[in-house]
Amino acid sequence: MVSFKRFGSGVASTLALLALSAQAAQAQKGRNQLPEDLLPAAAATPQPAATAAPKSVPTAPATAPAQGTGRTGTGGTVNAPAPGLPAPAGSGPVVQEVTLAEPVMPWTLSDAQALLKTIEYIGKEGLVPADYQPAALKAAIARGESDELDALASRVFGWLIEDLRDGRTPMTARVQWFAVDPDQDTMPTQQVMAQALSEHDVSGVVARLAPTNPDYAALKDALNATPAAQKERRALIQANMDRWRWLARDLGTVYLMTNVPEFQLRLVVKDKILRTYKTVVGKPGRTATPQLAETVSAVVFNPTWTVPQSIVKGEGLGAKVLNNPRWAANNGYKGYKNADGVITVVQQPGPNNALGLMKIDMPNPHAIYLHDTPAKSYFDAEVRAFSHGCIRTERAVELGMTMAILGAQMPAAEAAELSRAGKYKKVEMTRTFPVYLTYFTFARSIDGTLKAFNDIYERDAPVLASFKAARQLKTTQRTSDEAIIELDNPL
């Protein structure tokens with residue numbers, strides 16, 4: 001029998017729940033599957049990387065004629081990814097500011113009236129009713145069914161779908177946002193609108209667009225319980241509700257999520273927090289941690305660290321390693337000079353390695369990952385923003401073992417042995433999990449209570465300002481157009 005005492009009680013309690021986790025992880029193969037009544041009919045709809053394509057189900061036609069009228073709608077392609085768009089699970093600059101086309105479909109008076117009522121109450125979802133022109137819609141309804149009503153109702157309903165599904169905040173106000181939301185691919189605007197009209201259930205379809213995470217529901221309850229006079233609190237809740245809409249509607253059955261301002265990482269299974277870990281995140285400024293939605297591809301036990309050239313050359317480490325072999329050996333460094341004269345330095349596995357004893361690979365152009373650290377004292381600080389962007393994780397070996405067991409079906413005894421062997425070992429995942437690096441300044445903490453967190457990167461201001469301004473038309477842009485900075489220095 002393997003003893004896990006040396007890793008702390010967290011491993012034992014985590015392993016005791018692995019039966020639940022394994023079952024949930026099996027269900028993870030279909031993560032991000034949306035309710036069948038909102039799935040596109042086409043099996044070729046782009047899916048996030050490492051995600052099984054949802055099964056095809058019958059849905060409404062793209063243009064459903066409304067009952068009681070001979071008018072037919074004319075639609076355009078809405079929210080279709082622009083040519084060359086990367087898979088939604090990736091994160092990189094996608095700067096295509098083409099305004100989205102708007103479908104026009106025929107509306108009955110009863111459906112238009114249902115839309116008007118939905119708009120009048122949409123403030124409960126943290127959106128702005130005035131964005132969707134309720135006065136103009138009411139006047140058009142009073143004039144009866146017409147092409148004018150079709151165009152207006154289709155336009156404002158399309159805006160409402162976009163904002164509920166993708167968020168109202170324009171991309172220009174989402175600082176360092178590189179998490180591509182797949183929802184507009186799996187729930188195209190035209191498809192959702194057609195279904196609402198064919199089923200004559202505008203409010204029902206709208207209700208099913210909201211994020212499924214219970215934390216979003218908690219924020220919604222808090223918004224509706226906060227008096228109108230408390231404007232600042234309501235605005236902060238509203239902004240953070242919108243941040244949930246920037247992510248996939250369904251985050252999956254098993255996933256890792258860190259809320260950067262909270263300095264905590266969660267392992268979540270079926271909407272329940274299985275384990276939590278303190279984190280150290282990027283320092284404000286150039287090394288601030290970006291927001292990502294990536295995939296765990298491997299766990300590395302006893303990793304090596306290839307030292308970035310900013311240290312090798314910029315701080316003279318390369319010359320020191322080559323000129324003082326004894327010092328290099330004592331500090332775990334190996335160095336060599338390439339044919340082009342560039343010096344490469346690799347820190348070998350060991351307790352003093354900058355990555356500690358575990359690293360979780362989640363390939364992304366920012367070179368961000370989760371890892372252990374020999375500098376454990378930083379976890380005792382209240383504000384833990386000390387890194388160069390990567391996420392240092394408390395009890396990282398425990399987390400790595402759990403990922404190996406869940407993601408590679410590795411026996412617990414083998415995972416424990418690898419972690420203490422002192423040798424480099426990369427364990428590839430056969431069952432992948434999403435990782436979300438988020439930024440919520442008002443959210444449920446790990447103990448389940450709603451609270452505000454310090455805006456350590458000052459990312460609230462543009463979001464709050466966008467809600468005070470007129471709604472902007474959506475474009476095909478999917479992430480921030482800010483430069484990608486490779487933050488590959490864990491120190």
# chains A, B, ... in the order shown; residues from 1 in each chain; ligands from 1

call {"tool": "select_by_dssp", "arguments": {"residues": "range 297-434 of chain A", "states": "helix (DSSP H, G or I)", "output": "PDB file with N, CA and C atoms, in the first residue's frame"}}
result
ATOM      1  N   GLN A 309      16.444  33.643 -22.367  1.00  0.00           N
ATOM      2  CA  GLN A 309      17.621  34.427 -22.734  1.00  0.00           C
ATOM      3  C   GLN A 309      17.697  35.755 -21.986  1.00  0.00           C
ATOM      4  N   SER A 310      16.563  36.233 -21.493  1.00  0.00           N
ATOM      5  CA  SER A 310      16.591  37.465 -20.710  1.00  0.00           C
ATOM      6  C   SER A 310      17.443  37.305 -19.457  1.00  0.00           C
ATOM      7  N   ILE A 311      17.584  36.068 -18.996  1.00  0.00           N
ATOM      8  CA  ILE A 311      18.421  35.775 -17.821  1.00  0.00           C
ATOM      9  C   ILE A 311      19.782  35.236 -18.264  1.00  0.00           C
ATOM     10  N   VAL A 312      19.758  34.326 -19.248  1.00  0.00           N
ATOM     11  CA  VAL A 312      21.005  33.725 -19.719  1.00  0.00           C
ATOM     12  C   VAL A 312      21.964  34.786 -20.225  1.00  0.00           C
ATOM     13  N   LEU A 317      23.905  34.870 -16.773  1.00  0.00           N
ATOM     14  CA  LEU A 317      23.932  33.517 -16.217  1.00  0.00           C
ATOM     15  C   LEU A 317      24.684  32.555 -17.124  1.00  0.00           C
ATOM     16  N   GLY A 318      24.522  32.707 -18.440  1.00  0.00           N
ATOM     17  CA  GLY A 318      25.170  31.782 -19.371  1.00  0.00           C
ATOM     18  C   GLY A 318      26.680  31.781 -19.205  1.00  0.00           C
ATOM     19  N   ALA A 319      27.263  32.954 -19.182  1.00  0.00           N
ATOM     20  CA  ALA A 319      28.712  33.047 -19.012  1.00  0.00           C
ATOM     21  C   ALA A 319      29.149  32.481 -17.670  1.00  0.00           C
ATOM     22  N   LYS A 320      28.369  32.727 -16.632  1.00  0.00           N
ATOM     23  CA  LYS A 320      28.710  32.234 -15.305  1.00  0.00           C
ATOM     24  C   LYS A 320      28.692  30.711 -15.254  1.00  0.00           C
ATOM     25  N   VAL A 321      27.707  30.098 -15.896  1.00  0.00           N
ATOM     26  CA  VAL A 321      27.600  28.640 -15.912  1.00  0.00           C
ATOM     27  C   VAL A 321      28.783  28.025 -16.664  1.00  0.00           C
ATOM     28  N   LEU A 322      29.131  28.591 -17.830  1.00  0.00           N
ATOM     29  CA  LEU A 322      30.220  28.031 -18.623  1.00  0.00           C
ATOM     30  C   LEU A 322      31.586  28.263 -17.972  1.00  0.00           C
ATOM     31  N   ASN A 323      31.732  29.387 -17.287  1.00  0.00           N
ATOM     32  CA  ASN A 323      33.032  29.729 -16.700  1.00  0.00           C
ATOM     33  C   ASN A 323      33.249  29.147 -15.305  1.00  0.00           C
ATOM     34  N   PRO A 325      32.064  25.734 -13.775  1.00  0.00           N
ATOM     35  CA  PRO A 325      31.345  24.462 -13.794  1.00  0.00           C
ATOM     36  C   PRO A 325      30.959  23.956 -12.410  1.00  0.00           C
ATOM     37  N   ARG A 326      31.836  24.165 -11.416  1.00  0.00           N
ATOM     38  CA  ARG A 326      31.515  23.672 -10.075  1.00  0.00           C
ATOM     39  C   ARG A 326      30.291  24.394  -9.515  1.00  0.00           C
ATOM     40  N   TRP A 327      30.292  25.726  -9.671  1.00  0.00           N
ATOM     41  CA  TRP A 327      29.129  26.487  -9.201  1.00  0.00           C
ATOM     42  C   TRP A 327      27.865  26.038  -9.937  1.00  0.00           C
ATOM     43  N   ALA A 328      27.985  25.822 -11.243  1.00  0.00           N
ATOM     44  CA  ALA A 328      26.833  25.408 -12.044  1.00  0.00           C
ATOM     45  C   ALA A 328      26.289  24.070 -11.562  1.00  0.00           C
ATOM     46  N   ALA A 329      27.199  23.108 -11.295  1.00  0.00           N
ATOM     47  CA  ALA A 329      26.768  21.790 -10.841  1.00  0.00           C
ATOM     48  C   ALA A 329      26.087  21.883  -9.483  1.00  0.00           C
ATOM     49  N   ASN A 330      26.639  22.687  -8.593  1.00  0.00           N
ATOM     50  CA  ASN A 330      26.058  22.820  -7.253  1.00  0.00           C
ATOM     51  C   ASN A 330      24.668  23.439  -7.286  1.00  0.00           C
ATOM     52  N   LYS A 376       8.225  28.566  -1.180  1.00  0.00           N
ATOM     53  CA  LYS A 376       6.911  28.325  -0.578  1.00  0.00           C
ATOM     54  C   LYS A 376       6.430  29.490   0.280  1.00  0.00           C
ATOM     55  N   SER A 377       7.329  30.335   0.747  1.00  0.00           N
ATOM     56  CA  SER A 377       6.933  31.411   1.659  1.00  0.00           C
ATOM     57  C   SER A 377       5.984  32.404   0.997  1.00  0.00           C
ATOM     58  N   TYR A 378       6.031  32.506  -0.333  1.00  0.00           N
ATOM     59  CA  TYR A 378       5.147  33.455  -1.018  1.00  0.00           C
ATOM     60  C   TYR A 378       3.673  33.100  -0.829  1.00  0.00           C
ATOM     61  N   PHE A 379       3.375  31.837  -0.568  1.00  0.00           N
ATOM     62  CA  PHE A 379       1.981  31.437  -0.370  1.00  0.00           C
ATOM     63  C   PHE A 379       1.405  31.975   0.939  1.00  0.00           C
ATOM     64  N   ASP A 380       2.263  32.464   1.818  1.00  0.00           N
ATOM     65  CA  ASP A 380       1.789  33.015   3.093  1.00  0.00           C
ATOM     66  C   ASP A 380       1.361  34.474   2.970  1.00  0.00           C
ATOM     67  N   ALA A 396       1.479  21.591  -5.273  1.00  0.00           N
ATOM     68  CA  ALA A 396       1.464  21.293  -6.704  1.00  0.00           C
ATOM     69  C   ALA A 396       1.647  19.814  -6.994  1.00  0.00           C
ATOM     70  N   VAL A 397       2.448  19.130  -6.189  1.00  0.00           N
ATOM     71  CA  VAL A 397       2.654  17.694  -6.423  1.00  0.00           C
ATOM     72  C   VAL A 397       1.341  16.942  -6.242  1.00  0.00           C
ATOM     73  N   GLU A 398       0.592  17.311  -5.234  1.00  0.00           N
ATOM     74  CA  GLU A 398      -0.732  16.707  -5.040  1.00  0.00           C
ATOM     75  C   GLU A 398      -1.616  16.921  -6.260  1.00  0.00           C
ATOM     76  N   LEU A 399      -1.621  18.158  -6.776  1.00  0.00           N
ATOM     77  CA  LEU A 399      -2.419  18.463  -7.955  1.00  0.00           C
ATOM     78  C   LEU A 399      -1.947  17.659  -9.156  1.00  0.00           C
ATOM     79  N   GLY A 400      -0.628  17.568  -9.351  1.00  0.00           N
ATOM     80  CA  GLY A 400      -0.102  16.803 -10.467  1.00  0.00           C
ATOM     81  C   GLY A 400      -0.467  15.335 -10.396  1.00  0.00           C
ATOM     82  N   MET A 401      -0.395  14.761  -9.201  1.00  0.00           N
ATOM     83  CA  MET A 401      -0.798  13.366  -9.046  1.00  0.00           C
ATOM     84  C   MET A 401      -2.268  13.172  -9.397  1.00  0.00           C
ATOM     85  N   THR A 402      -3.105  14.093  -8.937  1.00  0.00           N
ATOM     86  CA  THR A 402      -4.535  14.004  -9.228  1.00  0.00           C
ATOM     87  C   THR A 402      -4.790  14.081 -10.724  1.00  0.00           C
ATOM     88  N   MET A 403      -4.100  15.000 -11.418  1.00  0.00           N
ATOM     89  CA  MET A 403      -4.263  15.110 -12.862  1.00  0.00           C
ATOM     90  C   MET A 403      -3.788  13.848 -13.582  1.00  0.00           C
ATOM     91  N   ALA A 404      -2.692  13.260 -13.110  1.00  0.00           N
ATOM     92  CA  ALA A 404      -2.190  12.029 -13.731  1.00  0.00           C
ATOM     93  C   ALA A 404      -3.181  10.885 -13.557  1.00  0.00           C
ATOM     94  N   ILE A 405      -3.799  10.834 -12.387  1.00  0.00           N
ATOM     95  CA  ILE A 405      -4.768   9.766 -12.123  1.00  0.00           C
ATOM     96  C   ILE A 405      -6.022   9.968 -12.954  1.00  0.00           C
ATOM     97  N   LEU A 406      -6.523  11.206 -12.997  1.00  0.00           N
ATOM     98  CA  LEU A 406      -7.746  11.484 -13.738  1.00  0.00           C
ATOM     99  C   LEU A 406      -7.515  11.529 -15.247  1.00  0.00           C
ATOM    100  N   GLY A 407      -6.394  12.128 -15.656  1.00  0.00           N
ATOM    101  CA  GLY A 407      -6.186  12.389 -17.073  1.00  0.00           C
ATOM    102  C   GLY A 407      -5.415  11.338 -17.827  1.00  0.00           C
ATOM    103  N   ALA A 408      -4.681  10.480 -17.121  1.00  0.00           N
ATOM    104  CA  ALA A 408      -3.911   9.427 -17.783  1.00  0.00           C
ATOM    105  C   ALA A 408      -4.255   8.045 -17.241  1.00  0.00           C
ATOM    106  N   ALA A 412      -2.708   5.210  -8.596  1.00  0.00           N
ATOM    107  CA  ALA A 412      -2.256   6.156  -7.587  1.00  0.00           C
ATOM    108  C   ALA A 412      -0.835   5.859  -7.128  1.00  0.00           C
ATOM    109  N   ALA A 413      -0.514   4.575  -6.972  1.00  0.00           N
ATOM    110  CA  ALA A 413       0.819   4.205  -6.510  1.00  0.00           C
ATOM    111  C   ALA A 413       1.886   4.632  -7.507  1.00  0.00           C
ATOM    112  N   GLU A 414       1.595   4.496  -8.796  1.00  0.00           N
ATOM    113  CA  GLU A 414       2.563   4.883  -9.820  1.00  0.00           C
ATOM    114  C   GLU A 414       2.756   6.395  -9.845  1.00  0.00           C
ATOM    115  N   ALA A 415       1.657   7.130  -9.705  1.00  0.00           N
ATOM    116  CA  ALA A 415       1.756   8.584  -9.682  1.00  0.00           C
ATOM    117  C   ALA A 415       2.591   9.050  -8.498  1.00  0.00           C
ATOM    118  N   ALA A 416       2.407   8.415  -7.349  1.00  0.00           N
ATOM    119  CA  ALA A 416       3.177   8.786  -6.162  1.00  0.00           C
ATOM    120  C   ALA A 416       4.655   8.487  -6.359  1.00  0.00           C
ATOM    121  N   GLU A 417       4.950   7.358  -6.973  1.00  0.00           N
ATOM    122  CA  GLU A 417       6.336   6.973  -7.196  1.00  0.00           C
ATOM    123  C   GLU A 417       7.030   7.933  -8.162  1.00  0.00           C
ATOM    124  N   LEU A 418       6.332   8.315  -9.231  1.00  0.00           N
ATOM    125  CA  LEU A 418       6.911   9.250 -10.187  1.00  0.00           C
ATOM    126  C   LEU A 418       7.229  10.595  -9.533  1.00  0.00           C
ATOM    127  N   SER A 419       6.341  11.033  -8.675  1.00  0.00           N
ATOM    128  CA  SER A 419       6.504  12.351  -8.077  1.00  0.00           C
ATOM    129  C   SER A 419       7.720  12.424  -7.164  1.00  0.00           C
ATOM    130  N   ARG A 420       8.127  11.299  -6.586  1.00  0.00           N
ATOM    131  CA  ARG A 420       9.252  11.331  -5.643  1.00  0.00           C
ATOM    132  C   ARG A 420      10.520  10.686  -6.202  1.00  0.00           C
TER     133      ARG A 420
END

call {"tool": "atom_distance", "arguments": {"atom1": "CA of Leu197 in chain A", "atom2": "CA of Trp246 in chain A"}}
result
25.7 Å

call {"tool": "closest_atom_pairs", "arguments": {"of": "range 225-335 of chain A", "to": "range 167-183 of chain A", "cutoff": "9 Å", "atoms": "only C-alpha atoms", "output": "Markdown table"}}
result
| residue | atom | partner | partner_atom | distance |
| --- | --- | --- | --- | --- |
| A:Ala239 | CA | A:Thr169 | CA | 8.4 |
| A:Met241 | CA | A:Gly167 | CA | 8.7 |
| A:Asp242 | CA | A:Gly167 | CA | 5.2 |
| A:Arg243 | CA | A:Gly167 | CA | 7.0 |
| A:Trp244 | CA | A:Gly167 | CA | 7.9 |
| A:Arg245 | CA | A:Gly167 | CA | 4.8 |
| A:Trp246 | CA | A:Gly167 | CA | 5.4 |
| A:Leu247 | CA | A:Asp181 | CA | 5.2 |
| A:Ala248 | CA | A:Asp181 | CA | 5.1 |
| A:Arg249 | CA | A:Asp183 | CA | 6.6 |
| A:Asp250 | CA | A:Asp183 | CA | 9.0 |
| A:Ala288 | CA | A:Gln176 | CA | 8.8 |
| A:Thr289 | CA | A:Gln176 | CA | 8.3 |
| A:Pro290 | CA | A:Gln176 | CA | 5.2 |
| A:Gln291 | CA | A:Trp177 | CA | 5.1 |
| A:Leu292 | CA | A:Ala179 | CA | 4.3 |
| A:Ala293 | CA | A:Ala179 | CA | 4.6 |
| A:Glu294 | CA | A:Ala179 | CA | 7.7 |

call {"tool": "write_last_selection", "arguments": {"atoms": "N, CA and C atoms", "output": "mmCIF file, in the first residue's frame"}}
result
data_model
loop_
_atom_site.group_PDB
_atom_site.id
_atom_site.type_symbol
_atom_site.label_atom_id
_atom_site.label_comp_id
_atom_site.auth_asym_id
_atom_site.auth_seq_id
_atom_site.Cartn_x
_atom_site.Cartn_y
_atom_site.Cartn_z
ATOM 1 N N ALA A 239 -20.762 44.049 -14.185
ATOM 2 C CA ALA A 239 -19.540 43.832 -14.967
ATOM 3 C C ALA A 239 -19.039 42.407 -14.838
ATOM 4 N N MET A 241 -20.863 39.717 -13.969
ATOM 5 C CA MET A 241 -21.785 38.816 -14.660
ATOM 6 C C MET A 241 -21.415 38.730 -16.133
ATOM 7 N N ASP A 242 -21.060 39.884 -16.708
ATOM 8 C CA ASP A 242 -20.693 39.884 -18.118
ATOM 9 C C ASP A 242 -19.433 39.081 -18.359
ATOM 10 N N ARG A 243 -18.491 39.127 -17.422
ATOM 11 C CA ARG A 243 -17.257 38.337 -17.578
ATOM 12 C C ARG A 243 -17.567 36.847 -17.678
ATOM 13 N N TRP A 244 -18.596 36.366 -17.007
ATOM 14 C CA TRP A 244 -18.967 34.955 -17.153
ATOM 15 C C TRP A 244 -19.421 34.675 -18.581
ATOM 16 N N ARG A 245 -20.087 35.660 -19.210
ATOM 17 C CA ARG A 245 -20.563 35.445 -20.577
ATOM 18 C C ARG A 245 -19.427 35.456 -21.586
ATOM 19 N N TRP A 246 -18.266 35.974 -21.213
ATOM 20 C CA TRP A 246 -17.111 35.942 -22.110
ATOM 21 C C TRP A 246 -16.562 34.525 -22.248
ATOM 22 N N LEU A 247 -16.882 33.672 -21.289
ATOM 23 C CA LEU A 247 -16.413 32.289 -21.295
ATOM 24 C C LEU A 247 -17.454 31.389 -21.954
ATOM 25 N N ALA A 248 -17.096 30.132 -22.147
ATOM 26 C CA ALA A 248 -18.051 29.159 -22.656
ATOM 27 C C ALA A 248 -19.241 29.067 -21.704
ATOM 28 N N ARG A 249 -20.420 28.942 -22.255
ATOM 29 C CA ARG A 249 -21.632 28.843 -21.431
ATOM 30 C C ARG A 249 -21.524 27.690 -20.442
ATOM 31 N N ASP A 250 -21.006 26.571 -20.892
ATOM 32 C CA ASP A 250 -20.805 25.398 -20.043
ATOM 33 C C ASP A 250 -19.305 25.150 -19.983
ATOM 34 N N ALA A 288 1.781 40.798 -15.964
ATOM 35 C CA ALA A 288 0.452 40.431 -15.470
ATOM 36 C C ALA A 288 -0.041 39.176 -16.185
ATOM 37 N N THR A 289 -0.713 38.299 -15.456
ATOM 38 C CA THR A 289 -1.218 37.055 -16.030
ATOM 39 C C THR A 289 -2.381 37.351 -16.978
ATOM 40 N N PRO A 290 -2.316 36.894 -18.224
ATOM 41 C CA PRO A 290 -3.429 37.107 -19.159
ATOM 42 C C PRO A 290 -4.575 36.145 -18.860
ATOM 43 N N GLN A 291 -5.738 36.436 -19.418
ATOM 44 C CA GLN A 291 -6.892 35.543 -19.252
ATOM 45 C C GLN A 291 -6.941 34.568 -20.423
ATOM 46 N N LEU A 292 -6.991 33.282 -20.073
ATOM 47 C CA LEU A 292 -6.879 32.214 -21.065
ATOM 48 C C LEU A 292 -7.931 31.134 -20.828
ATOM 49 N N ALA A 293 -8.223 30.381 -21.874
ATOM 50 C CA ALA A 293 -9.006 29.149 -21.781
ATOM 51 C C ALA A 293 -8.236 28.114 -22.579
ATOM 52 N N GLU A 294 -7.544 27.228 -21.881
ATOM 53 C CA GLU A 294 -6.637 26.288 -22.537
ATOM 54 C C GLU A 294 -6.966 24.851 -22.123
#

call {"tool": "closest_residue", "arguments": {"among": "A:Ala135, A:Leu265, A:Cys390, A:Ala222", "to": "Lys117 in chain A", "atoms": "only C-alpha atoms"}}
result
A:Ala135

call {"tool": "residues_around", "arguments": {"residues": "Lys270 in chain A", "least_positions_apart": "2", "cutoff": "7 Å", "atoms": "only C-alpha atoms", "output": "list of chain:residue names"}}
result
A:Ala24, A:Thr253, A:Val254, A:Val268, A:Lys272

call {"tool": "atom_distance", "arguments": {"atom1": "CA of Asp361 in chain A", "atom2": "CA of Leu267 in chain A"}}
result
15.7 Å

call {"tool": "residues_around", "arguments": {"residues": "Gln133 in chain A", "least_positions_apart": "3", "cutoff": "12 Å", "atoms": "only C-alpha atoms", "output": "PDB file with C-alpha atoms, in the first residue's frame"}}
result
ATOM      1  CA  LEU A 115     -39.656  39.854 -27.163  1.00  0.00           C
ATOM      2  CA  LEU A 116     -40.715  43.261 -25.816  1.00  0.00           C
ATOM      3  CA  ILE A 119     -36.382  43.127 -23.093  1.00  0.00           C
ATOM      4  CA  GLU A 120     -38.243  45.004 -20.361  1.00  0.00           C
ATOM      5  CA  VAL A 128     -29.419  47.281 -20.288  1.00  0.00           C
ATOM      6  CA  PRO A 129     -33.011  47.226 -21.597  1.00  0.00           C
ATOM      7  CA  ALA A 130     -32.543  50.494 -23.501  1.00  0.00           C
ATOM      8  CA  ALA A 136     -39.313  51.632 -31.074  1.00  0.00           C
ATOM      9  CA  LEU A 137     -40.326  47.970 -30.840  1.00  0.00           C
ATOM     10  CA  LYS A 138     -43.527  48.862 -28.974  1.00  0.00           C
ATOM     11  CA  ALA A 139     -44.420  51.415 -31.661  1.00  0.00           C
ATOM     12  CA  ALA A 140     -43.737  48.920 -34.469  1.00  0.00           C
ATOM     13  CA  LEU A 152     -36.541  45.805 -36.063  1.00  0.00           C
ATOM     14  CA  ALA A 153     -37.459  42.736 -34.009  1.00  0.00           C
ATOM     15  CA  SER A 154     -34.853  40.603 -35.771  1.00  0.00           C
ATOM     16  CA  ARG A 155     -32.170  43.222 -35.222  1.00  0.00           C
ATOM     17  CA  VAL A 156     -32.743  43.802 -31.516  1.00  0.00           C
ATOM     18  CA  PHE A 157     -33.288  40.108 -30.798  1.00  0.00           C
ATOM     19  CA  TRP A 159     -28.286  41.926 -30.309  1.00  0.00           C
ATOM     20  CA  LEU A 160     -29.885  40.381 -27.242  1.00  0.00           C
ATOM     21  CA  ALA A 470     -24.025  52.996 -25.825  1.00  0.00           C
ATOM     22  CA  ARG A 471     -23.904  49.370 -26.884  1.00  0.00           C
TER      23      ARG A 471
END

call {"tool": "closest_residue", "arguments": {"among": "A:Val299, A:Val205, A:Leu274, A:Ala194", "to": "Met257 in chain A", "atoms": "only C-alpha atoms"}}
result
A:Leu274

call {"tool": "closest_residue", "arguments": {"among": "A:Trp305, A:Tyr369, A:Val280, A:Gln238", "to": "Gly335 in chain A", "atoms": "only C-alpha atoms"}}
result
A:Trp305

call {"tool": "residues_around", "arguments": {"residues": "Val383 in chain A", "least_positions_apart": "5", "cutoff": "12 Å", "atoms": "only C-alpha atoms", "output": "list in words"}}
result
Val260, Pro261, Glu262, Phe263, Gln264, Lys278, Thr279, Val280, Val281, Gly282, Lys283, Pro284, Tyr378, Phe453, Asn454, Asp455 and Ile456 of chain A

call {"tool": "atom_distance", "arguments": {"atom1": "CA of Gln347 in chain A", "atom2": "CA of Thr306 in chain A"}}
result
6.3 Å

call {"tool": "select_by_dssp", "arguments": {"residues": "range 274-384 of chain A", "states": "strand (DSSP E or B)", "output": "PyMOL selection string"}}
result
chain A and resi 274-282+291-301+305-306+333-337+343-347+358-361+370-371
